[in-house]
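Undergrad: Input file: start.cif. Contents: mmCIF, C-alpha atoms.
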```cif
data_final
#
loop_
_atom_site.label_atom_id
_atom_site.label_comp_id
_atom_site.auth_asym_id
_atom_site.auth_seq_id
_atom_site.Cartn_x
_atom_site.Cartn_y
_atom_site.Cartn_z
CA MET P 1 61.04 71.15 103.03
CA LYS P 2 63.91 68.74 102.53
CA ARG P 3 64.11 66.09 105.23
CA THR P 4 67.44 65.74 106.91
CA ILE P 5 68.92 62.27 106.41
CA LYS P 6 70.34 60.84 109.58
CA MET P 7 73.84 59.49 108.98
CA LYS P 8 75.49 56.72 110.93
CA LYS P 9 79.00 55.36 110.58
CA ALA P 10 79.43 51.91 109.08
CA ILE P 11 81.60 50.08 111.58
CA LEU P 12 80.98 46.44 110.70
CA PRO P 13 84.06 44.57 109.52
CA LEU P 14 83.97 43.56 105.88
CA MET P 15 83.63 39.84 106.57
CA ALA P 16 80.66 40.47 108.85
CA LEU P 17 79.07 42.57 106.14
CA VAL P 18 79.54 39.82 103.59
CA LEU P 19 77.33 37.54 105.68
CA VAL P 20 74.38 39.93 105.45
CA LEU P 21 74.91 41.68 102.12
CA GLY P 22 73.87 40.40 98.73
CA LEU P 23 71.41 40.59 95.86
CA THR P 24 68.93 38.48 94.08
CA LEU P 25 66.97 40.96 92.02
CA VAL P 26 63.42 39.75 91.82
CA PRO P 27 61.63 40.94 88.66
CA PRO P 28 59.51 44.05 89.24
CA LEU P 29 56.16 42.42 90.01
CA VAL P 30 54.80 44.81 92.66
CA SER P 31 53.94 48.48 92.22
CA SER P 32 55.20 51.16 94.59
CA THR P 33 51.68 51.57 95.97
CA SER P 34 51.18 47.94 96.94
CA PRO P 35 50.50 47.70 100.70
CA ALA P 36 51.95 44.19 100.72
CA TRP P 37 55.41 45.71 100.22
CA SER P 38 55.16 48.82 102.39
CA VAL P 39 55.66 49.48 106.08
CA SER P 40 55.23 52.63 108.11
CA ALA P 41 58.14 55.01 108.22
CA ASP P 42 59.99 55.33 111.52
CA ASP P 43 61.11 58.86 112.41
CA ASP P 44 64.48 57.51 113.56
CA ASN P 45 65.26 56.03 110.14
CA SER P 46 65.09 57.02 106.49
CA TRP P 47 62.26 56.03 104.16
CA VAL P 48 63.58 54.22 101.11
CA CYS P 49 61.75 53.00 98.00
CA LEU P 50 62.96 51.07 94.98
CA GLU P 51 61.15 53.11 92.35
CA ASP P 52 62.46 51.39 89.22
CA ILE P 53 65.40 49.58 87.70
CA GLY P 54 67.71 50.93 85.02
CA PRO P 55 70.22 49.51 82.55
CA GLY P 56 71.70 46.07 83.16
CA THR P 57 71.27 42.41 82.31
CA ARG P 58 71.15 38.92 83.79
CA VAL P 59 74.52 37.34 84.44
CA LEU P 60 75.40 33.73 85.20
CA LEU P 61 77.52 33.59 88.34
CA SER P 62 79.71 30.54 88.69
CA ASP P 63 78.55 29.64 92.21
CA ARG P 64 75.08 31.24 92.34
CA GLY P 65 73.37 30.80 89.02
CA TYR P 66 71.60 33.63 87.25
CA GLU P 67 71.36 37.01 88.94
CA TRP P 68 70.17 40.41 87.77
CA ALA P 69 72.97 42.97 87.56
CA LYS P 70 71.17 46.25 87.10
CA LEU P 71 71.16 49.88 88.17
CA PHE P 72 68.57 50.76 90.82
CA HIS P 73 66.50 53.94 90.85
CA LEU P 74 65.90 54.63 94.55
CA SER P 75 64.22 57.36 96.52
CA VAL P 76 65.49 58.24 99.99
CA ASP P 77 63.22 60.51 102.00
CA GLY P 78 61.80 61.79 98.74
CA GLU P 79 65.16 62.42 97.04
CA SER P 80 66.11 60.41 93.92
CA TYR P 81 69.36 58.42 93.73
CA ASN P 82 71.02 55.83 91.52
CA GLY P 83 72.04 52.80 93.54
CA TRP P 84 73.71 49.40 93.34
CA CYS P 85 73.30 46.08 95.11
CA ILE P 86 75.83 45.05 97.76
CA ASN P 87 73.92 41.98 99.01
CA LEU P 88 73.57 38.76 97.05
CA ASP P 89 71.69 36.93 99.81
CA SER P 90 68.53 39.02 100.17
CA HIS P 91 65.79 40.22 97.86
CA ILE P 92 64.18 43.48 96.79
CA LYS P 93 61.32 44.38 94.47
CA VAL P 94 60.31 47.41 92.48
CA GLY P 95 57.75 49.31 94.52
CA LEU P 96 59.09 48.10 97.85
CA CYS P 97 59.39 50.83 100.49
CA PHE P 98 60.99 50.35 103.88
CA ASP P 99 62.77 51.93 106.83
CA ALA P 100 66.55 51.90 106.64
CA ASP P 101 69.62 53.20 108.39
CA LEU P 102 72.00 55.25 106.26
CA LEU P 103 75.61 54.39 106.97
CA SER P 104 78.39 56.61 105.67
CA ALA P 105 80.90 54.19 104.16
CA PRO P 106 84.31 54.15 105.88
CA ARG P 107 87.20 55.72 104.00
CA GLU P 108 88.92 52.38 103.51
CA MET P 109 88.93 49.33 101.24
CA PRO P 110 86.59 48.23 99.70
CA TRP P 111 84.40 51.31 100.10
CA CYS P 112 86.98 53.69 98.65
CA GLU P 113 87.22 51.56 95.50
CA ILE P 114 83.43 51.17 95.28
CA GLY P 115 83.06 54.94 95.64
CA TYR P 116 85.64 55.42 92.89
CA ILE P 117 83.70 53.08 90.58
CA MET P 118 80.39 54.82 91.26
CA THR P 119 81.98 58.22 90.66
CA ASN P 120 83.95 57.46 87.49
CA TYR P 121 81.91 54.91 85.52
CA SER P 122 78.55 55.51 83.89
CA PRO P 123 75.96 52.78 83.12
CA THR P 124 75.39 53.92 79.55
CA THR P 125 74.60 50.41 78.21
CA ASP P 126 73.19 47.22 79.65
CA ASN P 127 76.57 45.47 79.59
CA GLU P 128 78.39 48.46 81.10
CA ALA P 129 75.84 48.66 83.91
CA ALA P 130 76.17 44.93 84.57
CA ALA P 131 79.98 45.20 84.58
CA ILE P 132 79.86 48.05 87.10
CA GLN P 133 77.57 45.98 89.34
CA LEU P 134 79.79 42.93 88.99
CA ALA P 135 82.94 44.92 89.84
CA ILE P 136 81.19 46.23 92.99
CA TRP P 137 80.28 42.67 94.00
CA LYS P 138 83.89 41.61 93.54
CA TYR P 139 85.03 44.29 95.98
CA VAL P 140 82.23 43.55 98.49
CA TYR P 141 83.02 39.85 98.53
CA GLY P 142 86.80 40.11 98.72
CA GLY P 143 88.54 40.13 95.33
CA ARG P 144 88.47 39.80 91.57
CA GLU P 145 87.78 36.04 91.69
CA SER P 146 85.26 36.17 94.55
CA VAL P 147 82.30 36.63 92.19
CA ILE P 148 82.71 35.42 88.59
CA ALA P 149 80.27 35.85 85.72
CA THR P 150 80.66 33.01 83.22
CA SER P 151 78.08 34.61 80.93
CA PRO P 152 78.09 37.03 79.25
CA THR P 153 81.88 36.82 79.11
CA ALA P 154 82.08 40.44 77.92
CA VAL P 155 80.57 41.56 81.22
CA GLU P 156 83.15 39.59 83.21
CA THR P 157 86.00 40.98 81.09
CA ARG P 158 84.81 44.54 81.49
CA ALA P 159 84.17 44.08 85.24
CA LEU P 160 87.77 42.93 85.72
CA GLU P 161 89.00 46.04 83.87
CA ILE P 162 86.93 48.27 86.14
CA TYR P 163 88.06 46.34 89.22
CA ASP P 164 91.75 46.71 88.33
CA GLU P 165 91.44 50.40 87.46
CA ALA P 166 89.73 51.12 90.78
CA LYS P 167 92.20 49.22 92.94
CA GLY P 168 93.81 51.52 95.52
CA GLN P 169 91.73 54.52 94.42
CA CYS P 170 89.64 56.72 96.70
CA PRO P 171 87.54 59.77 95.73
CA ASN P 172 88.97 63.05 97.04
CA VAL P 173 85.65 64.23 98.43
CA ILE P 174 84.04 64.74 101.81
CA GLY P 175 81.68 62.20 103.33
CA GLY P 176 79.20 61.85 106.14
CA ASP P 177 81.94 61.80 108.79
CA SER P 178 83.83 64.82 107.45
CA LYS P 179 84.18 68.20 109.12
CA LEU P 180 85.48 71.59 108.05
CA THR P 181 87.00 74.28 110.27
CA LEU P 182 88.23 77.79 109.41
CA GLN P 183 90.39 80.12 111.48
CA PRO P 184 92.96 82.95 111.19
CA ASP P 185 96.50 81.67 110.90
CA GLY P 186 99.50 83.71 112.04
CA ASP P 187 99.89 87.41 112.69
CA LEU P 188 98.50 90.37 110.80
CA VAL P 189 101.12 91.70 108.38
CA VAL P 190 101.18 95.36 107.31
CA SER P 191 103.44 96.18 104.37
CA GLY P 192 103.38 98.33 101.25
CA GLY P 193 100.16 100.06 102.25
CA PHE P 194 98.25 96.79 102.71
CA ALA P 195 97.23 94.78 105.74
CA CYS P 196 97.08 91.00 105.18
CA GLN P 197 95.83 88.07 107.26
CA GLN P 198 96.15 84.38 106.40
CA PHE P 199 93.20 82.02 106.93
CA THR P 200 93.43 78.23 106.98
CA ALA P 201 90.60 75.74 106.39
CA THR P 202 91.07 72.18 107.64
CA VAL P 203 89.12 69.21 106.28
CA ALA P 204 89.17 65.88 108.12
CA ASP P 205 87.18 62.72 108.71
CA THR P 206 86.16 61.97 112.27
CA THR P 207 87.25 58.42 113.17
CA PRO P 208 87.35 56.45 116.45
CA SER P 209 91.13 56.92 116.51
CA GLY P 210 90.97 60.67 115.87
CA ASP P 211 90.71 63.09 112.98
CA LEU P 212 91.97 61.84 109.59
CA PRO P 213 93.17 64.75 107.38
CA LEU P 214 91.76 64.67 103.85
CA GLU P 215 94.13 65.61 101.03
CA GLY P 216 93.03 66.94 97.65
CA ILE P 217 89.68 68.37 98.78
CA GLU P 218 88.76 71.48 96.79
CA VAL P 219 87.87 74.27 99.22
CA GLN P 220 86.24 77.43 97.91
CA PHE P 221 86.90 80.62 99.87
CA GLN P 222 84.77 83.74 99.68
CA THR P 223 85.01 87.11 101.39
CA SER P 224 82.56 89.94 101.81
CA ASN P 225 85.32 92.56 101.86
CA GLY P 226 88.91 92.96 100.75
CA SER P 227 90.49 90.61 98.21
CA PHE P 228 92.54 87.45 98.24
CA SER P 229 96.21 87.41 97.33
CA PRO P 230 97.10 86.64 94.60
CA SER P 231 94.48 89.18 93.60
CA ASN P 232 91.35 87.59 92.17
CA GLY P 233 88.52 89.44 93.90
CA GLY P 234 86.28 87.78 96.42
CA SER P 235 86.59 84.07 95.56
CA LEU P 236 89.38 81.51 95.45
CA THR P 237 89.51 77.69 95.27
CA VAL P 238 92.42 75.85 96.91
CA PRO P 239 93.02 72.07 97.33
CA THR P 240 93.93 70.73 100.75
CA ASP P 241 97.47 69.48 101.33
CA GLU P 242 98.63 66.30 103.09
CA HIS P 243 97.62 67.88 106.40
CA GLY P 244 94.09 68.50 105.16
CA GLU P 245 94.77 72.24 105.09
CA ALA P 246 94.03 74.89 102.47
CA SER P 247 95.12 78.48 103.07
CA VAL P 248 94.39 81.89 101.58
CA THR P 249 95.63 85.39 102.37
CA LEU P 250 93.10 88.21 102.66
CA CYS P 251 94.38 91.77 102.11
CA TRP P 252 92.89 95.25 102.38
CA ASP P 253 93.93 98.91 102.31
CA ALA P 254 95.92 99.55 105.48
CA SER P 255 94.88 103.21 105.51
CA GLN P 256 91.49 102.15 106.86
CA SER P 257 91.23 102.67 110.59
CA SER P 258 88.99 99.59 110.85
CA PHE P 259 88.11 96.70 108.57
CA GLY P 260 85.55 93.91 108.78
CA ALA P 261 84.90 90.86 106.62
CA ILE P 262 82.95 87.61 106.59
CA ILE P 263 85.21 84.83 105.29
CA THR P 264 83.56 81.58 104.19
CA ALA P 265 85.08 78.21 103.33
CA TYR P 266 82.93 75.72 101.42
CA THR P 267 83.35 72.27 99.94
CA GLU P 268 81.04 69.63 98.54
CA GLY P 269 81.20 66.12 97.13
CA TYR P 270 79.50 62.76 96.67
CA TRP P 271 80.43 59.91 98.98
CA PRO P 272 79.08 56.33 99.11
CA VAL P 273 76.33 55.70 101.66
CA ILE P 274 75.12 52.20 102.55
CA ILE P 275 71.36 51.73 102.79
CA GLN P 276 70.79 49.10 105.45
CA PRO P 277 67.10 48.13 105.83
CA THR P 278 65.73 47.52 109.30
CA ARG P 279 64.29 44.19 108.11
CA LEU P 280 65.54 41.44 105.84
CA ILE P 281 65.73 43.37 102.59
CA GLN P 282 68.67 43.71 100.29
CA ASP P 283 71.39 46.24 101.22
CA THR P 284 72.19 48.83 98.56
CA ILE P 285 74.63 51.68 98.13
CA ILE P 286 74.22 55.19 96.71
CA LEU P 287 76.35 58.29 96.17
CA LYS P 288 74.97 60.93 98.49
CA PRO P 289 75.85 64.63 98.18
CA PHE P 290 77.51 66.27 101.17
CA GLU P 291 78.48 69.86 101.74
CA LEU P 292 80.36 71.64 104.50
CA THR P 293 80.56 75.35 105.26
CA ALA P 294 82.64 77.20 107.81
CA THR P 295 82.38 80.95 108.40
CA GLU P 296 84.68 83.33 110.23
CA TYR P 297 83.72 86.93 110.94
CA LYS P 298 86.63 89.21 111.68
CA VAL P 299 86.90 92.88 112.58
CA TRP P 300 90.28 94.52 112.70
CA GLU P 301 90.96 97.83 114.37
CA THR P 302 94.11 99.18 112.78
CA ASN P 303 96.44 100.72 115.37
CA PRO P 304 97.00 104.41 114.59
CA GLY P 305 100.42 105.86 113.92
CA SER P 306 101.93 109.28 114.56
CA LEU P 307 104.15 111.83 112.82
CA GLU P 308 106.69 114.02 114.61
CA ILE P 309 108.18 117.00 112.78
CA THR P 310 111.27 118.67 114.15
CA LYS P 311 111.29 122.41 113.39
CA THR P 312 114.75 124.01 113.48
CA VAL P 313 115.23 127.83 113.28
CA ASP P 314 118.67 129.33 112.54
CA TRP P 315 118.71 133.07 113.16
CA SER P 316 122.18 133.35 111.61
CA GLY P 317 123.50 135.22 114.65
CA TYR P 318 120.76 137.82 114.69
CA THR P 319 118.64 138.53 117.72
CA PRO P 320 115.54 136.32 117.40
CA ASP P 321 112.24 137.96 116.76
CA THR P 322 109.99 136.55 119.48
CA GLY P 323 106.90 137.26 117.41
CA GLN P 324 108.05 135.09 114.50
CA GLU P 325 105.88 131.98 113.83
CA PHE P 326 106.24 129.13 111.36
CA GLU P 327 103.26 127.12 110.05
CA ILE P 328 103.81 123.42 109.15
CA CYS P 329 101.10 121.42 107.37
CA ILE P 330 100.58 117.71 106.59
CA THR P 331 98.32 116.08 103.99
CA GLY P 332 97.45 112.35 103.97
CA PRO P 333 94.82 109.69 104.75
CA SER P 334 93.72 111.31 108.04
CA TYR P 335 93.75 114.83 106.56
CA PRO P 336 92.98 114.72 102.84
CA THR P 337 92.66 118.53 102.72
CA GLY P 338 95.52 119.15 105.13
CA ASP P 339 96.06 120.02 108.77
CA CYS P 340 98.47 122.66 110.13
CA LYS P 341 100.30 123.44 113.35
CA LYS P 342 102.48 126.43 114.30
CA ALA P 343 105.95 126.57 115.82
CA GLY P 344 107.39 129.56 117.66
CA HIS P 345 110.47 131.67 116.89
CA LEU P 346 112.85 129.01 118.28
CA GLY P 347 111.21 126.03 116.56
CA GLY P 348 110.60 122.73 118.40
CA LYS P 349 108.70 119.50 117.81
CA LEU P 350 105.24 119.28 116.29
CA THR P 351 103.38 115.95 116.67
CA TRP P 352 100.29 114.53 115.00
CA ASP P 353 98.83 111.49 116.82
CA ASN P 354 96.13 108.95 115.92
CA LEU P 355 96.94 109.04 112.23
CA LYS P 356 95.65 106.46 109.79
CA PRO P 357 98.58 104.53 108.31
CA GLY P 358 99.73 105.81 104.94
CA SER P 359 101.81 108.45 103.20
CA TYR P 360 101.82 112.08 104.42
CA ASN P 361 103.25 115.12 102.62
CA VAL P 362 104.89 117.80 104.75
CA THR P 363 104.80 121.45 103.64
CA GLU P 364 105.49 124.86 105.17
CA THR P 365 103.45 127.99 104.66
CA GLY P 366 105.89 130.66 103.34
CA PRO P 367 107.58 132.35 106.36
CA GLY P 368 108.80 135.29 104.30
CA THR P 369 111.44 136.12 101.73
CA GLU P 370 114.04 136.64 104.41
CA TRP P 371 114.01 132.92 105.19
CA THR P 372 115.26 129.81 103.38
CA GLY P 373 113.55 126.50 104.07
CA VAL P 374 114.60 122.85 103.69
CA ILE P 375 112.21 119.90 104.31
CA THR P 376 113.55 116.34 104.70
CA GLY P 377 111.60 113.10 105.25
CA SER P 378 108.61 114.08 103.13
CA PRO P 379 106.49 112.23 102.19
CA ALA P 380 106.53 110.49 105.57
CA ALA P 381 105.35 106.85 105.76
CA VAL P 382 103.13 106.43 108.82
CA VAL P 383 102.63 102.79 109.84
CA ALA P 384 100.29 101.31 112.42
CA GLY P 385 101.54 101.57 115.98
CA ASP P 386 104.70 103.49 115.08
CA LYS P 387 105.99 107.08 114.84
CA ALA P 388 107.27 108.58 111.59
CA SER P 389 109.48 111.66 111.47
CA ALA P 390 110.37 114.58 109.22
CA ASN P 391 112.44 117.78 109.55
CA VAL P 392 111.86 121.39 108.54
CA THR P 393 114.81 123.81 108.84
CA ASN P 394 114.59 127.59 108.31
CA THR P 395 117.66 129.84 108.10
CA TYR P 396 117.48 133.62 108.35
CA LYS P 397 119.14 135.22 105.36
CA ARG P 398 122.04 137.66 106.00
CA GLY P 399 121.82 140.83 103.86
CA SER P 400 124.66 142.99 102.42
CA LEU P 401 125.40 146.68 101.88
CA GLU P 402 127.73 147.81 99.12
CA ILE P 403 129.26 151.28 99.50
CA THR P 404 131.19 152.81 96.61
CA LYS P 405 134.04 155.10 97.84
CA THR P 406 135.24 157.62 95.28
CA VAL P 407 138.55 159.57 95.79
CA GLU P 408 139.40 162.63 93.59
CA TRP P 409 143.11 163.60 93.90
CA SER P 410 142.62 166.78 91.84
CA GLY P 411 145.63 166.10 89.61
CA TYR P 412 148.00 165.42 92.49
CA THR P 413 150.00 162.29 92.71
CA PRO P 414 147.94 159.83 94.84
CA ASP P 415 149.36 159.03 98.27
CA THR P 416 149.47 155.30 98.32
CA GLY P 417 149.52 155.25 102.08
CA LYS P 418 146.29 157.16 102.46
CA THR P 419 143.26 155.23 103.82
CA PHE P 420 139.64 156.19 104.42
CA GLU P 421 137.41 154.63 107.15
CA ILE P 422 133.72 154.16 106.29
CA CYS P 423 131.25 153.30 109.06
CA ILE P 424 127.61 152.25 109.03
CA THR P 425 125.08 152.34 111.78
CA GLY P 426 122.01 150.07 111.81
CA PRO P 427 120.36 146.90 113.21
#
```
Translate this file's structure into structure tokens.
TA:
Amino acid sequence: MKRTIKMKKAILPLMALVLVLGLTLVPPLVSSTSPAWSVSADDDNSWVCLEDIGPGTRVLLSDRGYEWAKLFHLSVDGESYNGWCINLDSHIKVGLCFDADLLSAPREMPWCEIGYIMTNYSPTTDNEAAAIQLAIWKYVYGGRESVIATSPTAVETRALEIYDEAKGQCPNVIGGDSKLTLQPDGDLVVSGGFACQQFTATVADTTPSGDLPLEGIEVQFQTSNGSFSPSNGGSLTVPTDEHGEASVTLCWDASQSSFGAIITAYTEGYWPVIIQPTRLIQDTIILKPFELTATEYKVWETNPGSLEITKTVDWSGYTPDTGQEFEICITGPSYPTGDCKKAGHLGGKLTWDNLKPGSYNVTETGPGTEWTGVITGSPAAVVAGDKASANVTNTYKRGSLEITKTVEWSGYTPDTGKTFEICITGP
């Protein structure tokens, strides 16, 4: 089981650190199992061992003489790390194990620049490793001329290049004092058949003066349900802005009466951590991985809508038939196979409540050939918490009777003033 490394904040001023930091790399004379170089681990601290040394070379410093400028292979509570010296006034040996406090480096000069160097430069050769170490010393001790290697000159030249390139830089990653929060942001928006909710993750460093927003941190969002907009399924990566915020919008089908999702925000990165022994042993620095996760579980209950249909019956002047009925049906998310209600001979209002939001078609079962029917407002758009409407109008058809009147004058001259009255009796 991985041991949790206890992190503490480095709060010593740089000049105070300079008095206690430093390196004189003693050649690796003692094995890691030598009891002469081991002490018992304290549960309140981390257990650190210098397992081996990597690329590098001896350099001649103008005011200190020869020093080893090499990469360290360290183990911290059983985990392997590459490390560098930040103390020219103490010693360390291969095989030496000791208790140490782990101090998350402040997000300020020179630790930002040192973190940038450790992140962006690789000790692929002896001279490159020595130049990286020398550039780190220059930042620890206060400037490009604070520590000078007169030999090899190539190491000094390369160290100055690295120093200048790192000046003012800071890795856009989380550290030991960082925190991540996630919460819904704004109101739920229902439009175009979709319900959408914005979520905002905030990344910040905790400092004595308050939270410091971190810009440029890549935050990965994941959801167990729905999809992010713009549509890309269940995952999306967004960098934080100047306020340390990264936002996504989660959308789902608004026709669902309820919706639940687990939304997760995640970020990770490597930040410099100072290894400060509890006894007089050289201070070192490593890049330690950090990760932060924030989870928000949300359940939405979509407010139902309703549909009101106004049924109008025009009897065209005829005496209404009190036994006449009209059947109106709707089809939509709540009733995929349809649902019907009946209106009486004078019409009225028919209402469907507790409908899932969505589109509903309105139809009428044929009332008979003697009727005409007109439907307006179909399909009806039912939205959450609101009432949609539609209209169905039926008009009774008037009939006609055509009577052909034939007059036979039997050869006489027709009397143009003659008229004939035809009468009908019926409903």
Undergrad: Considering all atoms listed in the file, can you say which of P:Asp63, P:Tyr335, P:Lys349, P:Trp300 comes closest to Leu188 of chain P?
TA: P:Trp300
Undergrad: For a quick check of understanding, using all atoms listed in the file, which of P:Ala166, P:Cys97, P:Ala246, P:Leu74 has the smallest distance to Thr202 of chain P?
TA: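 For Thr202 of chain P, the nearest of the given residues is P:Ala246.
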Undergrad: Apply the PyMOL selection byres ((chain P and resi 203-209) around 10) to the displayed file and report the matching residues as an MDAnalysis selection string.
TA: chainID P and resid 9 11 106:107 173:182 201:202 210:219 240:241 243:246 267 292
Undergrad: Of the candidates P:Pro320, P:Val48, P:Val299, P:Ile309, which one gets nearest to Ile275 of chain P if we count all atoms listed in the file?
TA: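 Nearest candidate to Ile275 of chain P out of P:Pro320, P:Val48, P:Val299, P:Ile309: P:Val48.
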Undergrad: For the PyMOL selection byres ((chain P and resi 69) around 7), applied here, can you spell out every residue it catches as a PyMOL selection string?
TA: chain P and resi 56-59+67-68+70+130+133-134
Undergrad: Taking all atoms of segment 239-248 of chain P that appear in the file, build a box with edges along x, y and z, extend it by 6 Å on every side, and state its centre and edge lengths in Å to one decimal, as JSON.
TA:
```
{"center_x": 95.8, "center_y": 74.1, "center_z": 101.9, "size_x": 17.6, "size_y": 27.6, "size_z": 21.1}
```
Undergrad: Using the chain letters and numbers from the file, give me the residues hit by the PyMOL selection byres ((chain P and resi 194) around 7), as a list in words.
TA: Val190, Ser191, Gly192, Gly193, Ala195, Cys196, Cys251, Trp252, Asp253 and Ala254 of chain P
Undergrad: Which residue gives the smallest distance to Ala381 of chain P among P:Gly305, P:Gly348, P:Gly399, P:Pro184, with only C-alpha atoms counted?
TA: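 Looking only at the distances to Ala381 of chain P, the closest residue turns out to be P:Gly305.
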Undergrad: Report, in Å with one decimal, the straight-line distance from atom CA of Ala131 of chain P to atom CA of Tyr270 of chain P.
TA: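 Separation of atom CA of Ala131 of chain P and atom CA of Tyr270 of chain P: 21.3 Å.
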Undergrad: If I take atom CA of Ser75 of chain P and atom CA of Trp47 of chain P, how far is one from the other in Å, to one decimal?
TA: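 Between these atoms lies a distance of 8.0 Å.
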Undergrad: Here is a test: counting only C-alpha atoms, which residue of P:Gly269, P:Pro277, P:Gly186, P:Pro336 is nearest to Ser90 of chain P?
TA: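 Smallest separation from Ser90 of chain P among the options: P:Pro277.
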Undergrad: Distance atom CA of Leu102 of chain P-atom CA of Ile148 of chain P, one decimal place?
TA: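 Atom CA of Ile148 of chain P lies at a distance of 28.6 Å from atom CA of Leu102 of chain P.
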Undergrad: If we count all atoms listed in the file and set the cut-off at 8 Å, which residues sit around Thr295 of chain P, ignoring sequence neighbours fewer than 2 positions away in its own chain? Please answer as a CSV table (one decimal) with C-alpha atoms, keeping the file's coordinate frame.
TA:
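The resulting file, result08.csv, is reproduced below:
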```
chain,number,residue,atom,x,y,z
P,182,LEU,CA,88.2,77.8,109.4
P,262,ILE,CA,83.0,87.6,106.6
P,263,ILE,CA,85.2,84.8,105.3
P,264,THR,CA,83.6,81.6,104.2
P,265,ALA,CA,85.1,78.2,103.3
P,293,THR,CA,80.6,75.4,105.3
P,297,TYR,CA,83.7,86.9,110.9
```
Undergrad: Could you name the residues that touch Ile286 of chain P at 7 Å or less, counting only C-alpha atoms, but leaving out those on the same chain fewer than 6 positions away, as an mmCIF file with C-alpha atoms, in the coordinates of the input?
TA:
```
data_model
loop_
_atom_site.group_PDB
_atom_site.id
_atom_site.type_symbol
_atom_site.label_atom_id
_atom_site.label_comp_id
_atom_site.auth_asym_id
_atom_site.auth_seq_id
_atom_site.Cartn_x
_atom_site.Cartn_y
_atom_site.Cartn_z
ATOM 1 C CA TYR P 81 69.360 58.420 93.730
ATOM 2 C CA ASN P 82 71.020 55.830 91.520
ATOM 3 C CA GLY P 83 72.040 52.800 93.540
ATOM 4 C CA TRP P 84 73.710 49.400 93.340
ATOM 5 C CA PRO P 272 79.080 56.330 99.110
ATOM 6 C CA VAL P 273 76.330 55.700 101.660
ATOM 7 C CA ILE P 274 75.120 52.200 102.550
#
```
